[in-house]
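Participant: My questions all concern the structure below.
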Amino acid sequence: MVDRNSLRQLRDLLGPGGLLTPESGLAGYEVGARYDTGRAAFVARPASVAQVSRVLSFCCRNGIALLPQSGNTGLVAGSTPDMSGLQGILSLDRLREPFELDYDNRTLRVGAGVRLSEINARMRDAGLSLPIDLGADPCAGGMAATNTGGARFLRFGDIRRNTLGLTVVLANEQGTILELGGELRKDNTGPDWKQCFIGTSGAFGVIAECVFNLERLPVQTAAAYLVPRSDDHVMPLLHAMEERLGFHLSAFEGMSGAAIGHALAHVPSLRNPFPGAAIPDYVLFAEVSRSWPRRENEQPLEAFLEEVLAEIWERAGQPLADAFTGRPDEMWALRHALSEGVKSAGRLVAFDLAFRRGDVMRFRSHMRTELARQFPEVEICDFGHVGDGGVHFNLVVPRAAEATDELIDRLRETVITAAVEEFGGSFSAEHGLGRRNQPFYDRYEDPRLKRLAAAFKRATSPAPIGAVILG
């Protein structure tokens with residue numbers, strides 16, 4: 001356990017409200033967003049980059065393990081402590097400054113503890129946004145540490161693409177502060193060091209500030225549900241939409257009928273948008289957007305989308321079984337309700353997978369057959385980002401009591417083995433690495449790359465930090 005003298009020194013370093021101990025209750029920091037939980041020795045809450053540095057330096061010199069935690073919205077046990085009670089949580093929730101908009105440069109320098117919703121709310125009057133669309137509401141530091149993607153990746157990319165600079169604090173005896181990149185979009189004066197910290201879950205250092213690229217806020221949007229005639233028609237539909245819509249296409253999502261059904265049952269305020277309330281087996285959700293107000297004599301975006309769908313409807317091979325447009329906000333509400341709806345249906349065993357785009361539907365078909373044979377009690381409730389190859393492959397065991405550890409381990413083994421070994425996919429598309437994914441990293445990462453990661457870890461943050469071991 002962390003001794004009282006160490007806790008007293010940490011409290012002195014952080015000042016009033018900067019240190020929480022188990023006696024004051026740490027549940028909000030110890031319980032994750034999906035099943036994972038642990039016991040923390042303390043929660044350190046620095047309010048500045050300098051305090052982050054002092055805490056990391058102190059803990060490194062005294063052999064105290066730290067776990068960086070941002071918004072605690074992660075789903076792979078990457079930001080919650082283990083059960084040992086020996087890890088301290090380094091919470092970034094008080095890193096609320098800076099919040100500096102450079103309108104001409106279309107960039108925002110922001111503290112790691114500011115949430116995505118606040119960023120976009122405060123940028124709205126400037127007509128700008130950080131174009132990361134998620135059902136959760138993470139903080140800036142956590143988004144960079146896990147390389148968050150989202151539903152509009154197809155058009156705007158992930159956090160890696162939208163990050164120009166980072167302030168990183170290393171877990172070494174000095175608590176070294178590094179300024180990596182900045183406000184420049186072009187700078188080829190050496191390695192792009194910030195990329196070595198994005199997506200590595202804090203293993204190499206703590207992200208304390210971010211400089212994000214901003215995009216013009218969409219002011220025209222239109223959306224449609226597309227029902228493909230079969231799985232084989234999904235990719236032809238995507239190709240046809242990209243060919244006709246170009247950069248206007250901002251989302252192309254896939255939603256299983258099972259996931260939609262659970263979302264509608266879980267959120268009574270949602271309206272069933274399907275004729276006769278009959279939910280199709282699989283639905284594609286497409287969004288198009290423009291960042292300028294409609295000009296005089298310019299075709300409305302809804303009409304543009306309907307015209308494109310009419311062209312595709314007449315296409316040889318008839319890829320569409322049905323299609324209809326609607327209010328984008330209502331359609332997004334259903335899409336964002338899928339995760340919680342599925343979670344409410346029973347014990348959820350969730351996978352965040354990525355494939356070559358053409359393999360998404362083939363993987364789904366393969367797993368429907370394989371799981372029905374091996375696990376007939378399990379319901380597939382998948383959804384995800386077909387346009388970029390991402391799949392949230394969710395499995396529900398209807399009666400939670402039957403979801404034994406042995407069953408869950410077998411499910412994970414079956415799904416991950418097929419995804420990686422048979423389809424060449426990734427076991428973590430956008431949720432990052434955590435204790436839940438550690439065994440698969442250990443199994444599938446190239447040993448040569450593990451040695452490089454271990455060497456980089458020794459050079460940057462030799463102290464015990466984070467939930468994952470890269471190397």
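Each chain in the structure tokens gets a letter, A, B, ..., in the order shown, and its residues are numbered from 1; ligands are numbered from 1 in order too.
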Produce a table with one row for each residue of segment 390-469 of chain A that has an atom at most 12 Å from any atom of segment 189-197 of chain A, each row naming the nearest atom pair and its distance in Å at one decimal; use only C-alpha atoms; arrange rows by chain and rising residue number; format as a tab-separated table.
Facilitator:
```
residue	atom	partner	partner_atom	distance
A:Leu452	CA	A:Cys196	CA	11.6
A:Ala453	CA	A:Cys196	CA	9.8
A:Phe456	CA	A:Cys196	CA	9.2
A:Lys457	CA	A:Cys196	CA	10.5
A:Thr460	CA	A:Phe197	CA	10.3
A:Ser461	CA	A:Phe197	CA	11.2
```
Participant: For the selection just defined, write its residues with N, CA and C atoms to a file, as a compact mmCIF listing (two decimals), in the first residue's frame.
Facilitator:
```txt
# COMPACT_ATOMS: atom_id res chain seq x y z
N LEU A 452 11.10 -2.72 -29.91
CA LEU A 452 11.18 -1.28 -30.14
C LEU A 452 10.33 -0.51 -29.14
N ALA A 453 9.12 -1.01 -28.88
CA ALA A 453 8.23 -0.35 -27.92
C ALA A 453 8.85 -0.35 -26.53
N PHE A 456 11.54 2.25 -26.38
CA PHE A 456 10.99 3.61 -26.33
C PHE A 456 10.41 3.89 -24.95
N LYS A 457 9.80 2.89 -24.34
CA LYS A 457 9.27 3.04 -22.99
C LYS A 457 10.40 3.36 -22.01
N THR A 460 11.52 6.99 -22.50
CA THR A 460 10.58 8.08 -22.22
C THR A 460 10.04 8.01 -20.81
N SER A 461 9.38 6.95 -20.45
CA SER A 461 8.70 6.84 -19.16
C SER A 461 9.04 5.50 -18.50
```
Participant: Give the strand (DSSP E or B) residues of segment 139-273 of chain A, as DSSP finds them on the backbone, and put them as a PDB file with C-alpha atoms, in the first residue's frame.
Facilitator:
```pdb
ATOM      1  CA  CYS A 139     -12.094  14.257 -22.653  1.00  0.00           C
ATOM      2  CA  THR A 163      -4.052  16.548 -33.842  1.00  0.00           C
ATOM      3  CA  LEU A 164      -1.363  19.117 -34.622  1.00  0.00           C
ATOM      4  CA  GLY A 165       0.379  19.253 -31.266  1.00  0.00           C
ATOM      5  CA  LEU A 166       0.619  17.719 -27.797  1.00  0.00           C
ATOM      6  CA  THR A 167       2.062  18.633 -24.438  1.00  0.00           C
ATOM      7  CA  VAL A 168       3.277  15.381 -22.902  1.00  0.00           C
ATOM      8  CA  VAL A 169       4.704  14.741 -19.443  1.00  0.00           C
ATOM      9  CA  ILE A 177       7.556  18.186 -20.076  1.00  0.00           C
ATOM     10  CA  LEU A 178       7.690  17.903 -23.879  1.00  0.00           C
ATOM     11  CA  GLU A 179       6.062  20.215 -26.409  1.00  0.00           C
ATOM     12  CA  LEU A 180       5.461  18.056 -29.486  1.00  0.00           C
ATOM     13  CA  GLY A 181       4.292  19.822 -32.617  1.00  0.00           C
ATOM     14  CA  VAL A 206       0.733  11.554 -20.022  1.00  0.00           C
ATOM     15  CA  ILE A 207      -0.987  13.832 -22.537  1.00  0.00           C
ATOM     16  CA  ALA A 208      -1.742  17.084 -20.701  1.00  0.00           C
ATOM     17  CA  GLU A 209      -2.673  19.463 -23.546  1.00  0.00           C
ATOM     18  CA  CYS A 210      -3.742  19.047 -27.171  1.00  0.00           C
ATOM     19  CA  VAL A 211      -3.766  21.265 -30.225  1.00  0.00           C
ATOM     20  CA  PHE A 212      -6.620  20.129 -32.444  1.00  0.00           C
ATOM     21  CA  ASN A 213      -7.509  20.939 -36.015  1.00  0.00           C
ATOM     22  CA  GLU A 215     -13.424  21.986 -39.275  1.00  0.00           C
ATOM     23  CA  ARG A 216     -16.251  24.197 -40.467  1.00  0.00           C
ATOM     24  CA  GLN A 220     -26.742  21.589 -44.199  1.00  0.00           C
ATOM     25  CA  THR A 221     -27.306  17.912 -43.545  1.00  0.00           C
ATOM     26  CA  ALA A 222     -29.481  15.190 -44.963  1.00  0.00           C
ATOM     27  CA  ALA A 223     -29.706  11.532 -44.047  1.00  0.00           C
ATOM     28  CA  ALA A 224     -31.255   8.299 -45.236  1.00  0.00           C
ATOM     29  CA  TYR A 225     -31.777   4.723 -44.181  1.00  0.00           C
ATOM     30  CA  LEU A 226     -30.812   2.235 -46.877  1.00  0.00           C
ATOM     31  CA  VAL A 227     -31.897  -1.384 -46.828  1.00  0.00           C
ATOM     32  CA  PRO A 228     -29.521  -3.439 -48.994  1.00  0.00           C
ATOM     33  CA  LEU A 249     -20.711  11.805 -47.823  1.00  0.00           C
ATOM     34  CA  SER A 250     -19.863  12.196 -44.132  1.00  0.00           C
ATOM     35  CA  ALA A 251     -21.120   8.909 -42.645  1.00  0.00           C
ATOM     36  CA  PHE A 252     -21.950   5.423 -43.872  1.00  0.00           C
ATOM     37  CA  GLU A 253     -22.946   3.286 -40.907  1.00  0.00           C
ATOM     38  CA  GLY A 254     -24.217  -0.272 -40.598  1.00  0.00           C
ATOM     39  CA  MET A 255     -26.816  -1.323 -38.011  1.00  0.00           C
ATOM     40  CA  SER A 256     -28.109  -4.821 -37.394  1.00  0.00           C
TER      41      SER A 256
END
```
Participant: Taking only C-alpha atoms into account, produce a table as a Markdown table in which each residue of segment 176-269 of chain A with an atom at most 6 Å from an atom of segment 333-348 of chain A appears once, together with its shortest atom pair and the distance in Å to one decimal, ordered by chain and rising number.
Facilitator:
```
| residue | atom | partner | partner_atom | distance |
| --- | --- | --- | --- | --- |
| A:Ala259 | CA | A:Val342 | CA | 5.9 |
| A:His262 | CA | A:Gly341 | CA | 4.9 |
| A:Ala263 | CA | A:Gly341 | CA | 4.0 |
| A:His266 | CA | A:Gly341 | CA | 5.3 |
```
Participant: So that I can check the secondary structure, give me every residue of segment 243-448 of chain A assigned alpha helix (DSSP H) by backbone DSSP, as JSON, numbers by chain.
Facilitator: {"A": [243, 244, 245, 257, 258, 259, 260, 261, 262, 263, 264, 265, 266, 301, 302, 303, 304, 305, 306, 307, 308, 309, 310, 311, 312, 313, 328, 329, 330, 331, 332, 333, 334, 335, 336, 337, 338, 339, 340, 341, 342, 343, 360, 361, 362, 363, 364, 365, 366, 367, 368, 369, 370, 371, 372, 373, 374, 405, 406, 407, 408, 409, 410, 411, 412, 413, 414, 415, 416, 417, 438, 439, 440, 441, 442, 443, 444, 447, 448]}
Participant: Atom CA of Val308 of chain A and atom CA of Asp133 of chain A are how many Å apart?
Facilitator: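 Distance reported for this atom pair: 24.6 Å.
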Participant: Counting only C-alpha atoms, which residue out of A:Ala47, A:Leu13, A:Pro398, A:Ile64 sits closest to Pro376 of chain A?
Facilitator: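 Under the stated criterion, the closest residue is A:Pro398.
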Participant: Looking at A:Asn272, A:Leu75, A:Val114, A:Ile408, which one is nearest to Ser428 of chain A, with distances taken over only C-alpha atoms?
Facilitator: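 Under the stated criterion, the closest residue is A:Leu75.
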Participant: Report as number ranges by chain all protein, DNA and RNA residues lying within 8 Å of Leu214 of chain A, evaluated on only C-alpha atoms, omitting residues in the same chain fewer than 5 positions from it.
Facilitator: A: 106-108, 128-131, 162
Participant: For those residues, write N, CA and C atoms to a file as a tab-separated table (two decimals), in the first residue's frame.
Facilitator:
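So the final result, stored in again-v5.tsv, reads:
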```tsv
chain	number	residue	atom	x	y	z
A	106	ARG	N	-7.66	27.98	-37.53
A	106	ARG	CA	-8.65	26.92	-37.34
A	106	ARG	C	-8.10	25.82	-36.43
A	107	THR	N	-7.53	26.25	-35.28
A	107	THR	CA	-7.00	25.31	-34.31
A	107	THR	C	-7.45	25.70	-32.91
A	108	LEU	N	-7.42	24.71	-32.01
A	108	LEU	CA	-7.79	24.91	-30.61
A	108	LEU	C	-6.75	24.24	-29.73
A	128	LEU	N	-17.37	26.40	-35.97
A	128	LEU	CA	-16.34	25.38	-36.06
A	128	LEU	C	-16.68	24.19	-35.17
A	129	SER	N	-16.00	23.07	-35.41
A	129	SER	CA	-16.19	21.90	-34.56
A	129	SER	C	-14.97	21.00	-34.65
A	130	LEU	N	-14.78	20.20	-33.60
A	130	LEU	CA	-13.84	19.08	-33.66
A	130	LEU	C	-14.66	17.91	-34.20
A	131	PRO	N	-14.40	17.45	-35.43
A	131	PRO	CA	-15.34	16.56	-36.13
A	131	PRO	C	-15.23	15.10	-35.71
A	162	ASN	N	-6.43	14.69	-36.75
A	162	ASN	CA	-6.87	16.02	-36.36
A	162	ASN	C	-6.06	16.62	-35.21
```
Participant: Gly202 of chain A: which residues within 10 Å, counting only C-alpha atoms, same-chain residues fewer than 3 positions away excluded, as a VMD selection string?
Facilitator: chain A and resid 66 to 69 78 to 79 141 to 142 144 to 146 168 to 171 197 to 199 205 to 207 433 461 465 to 468
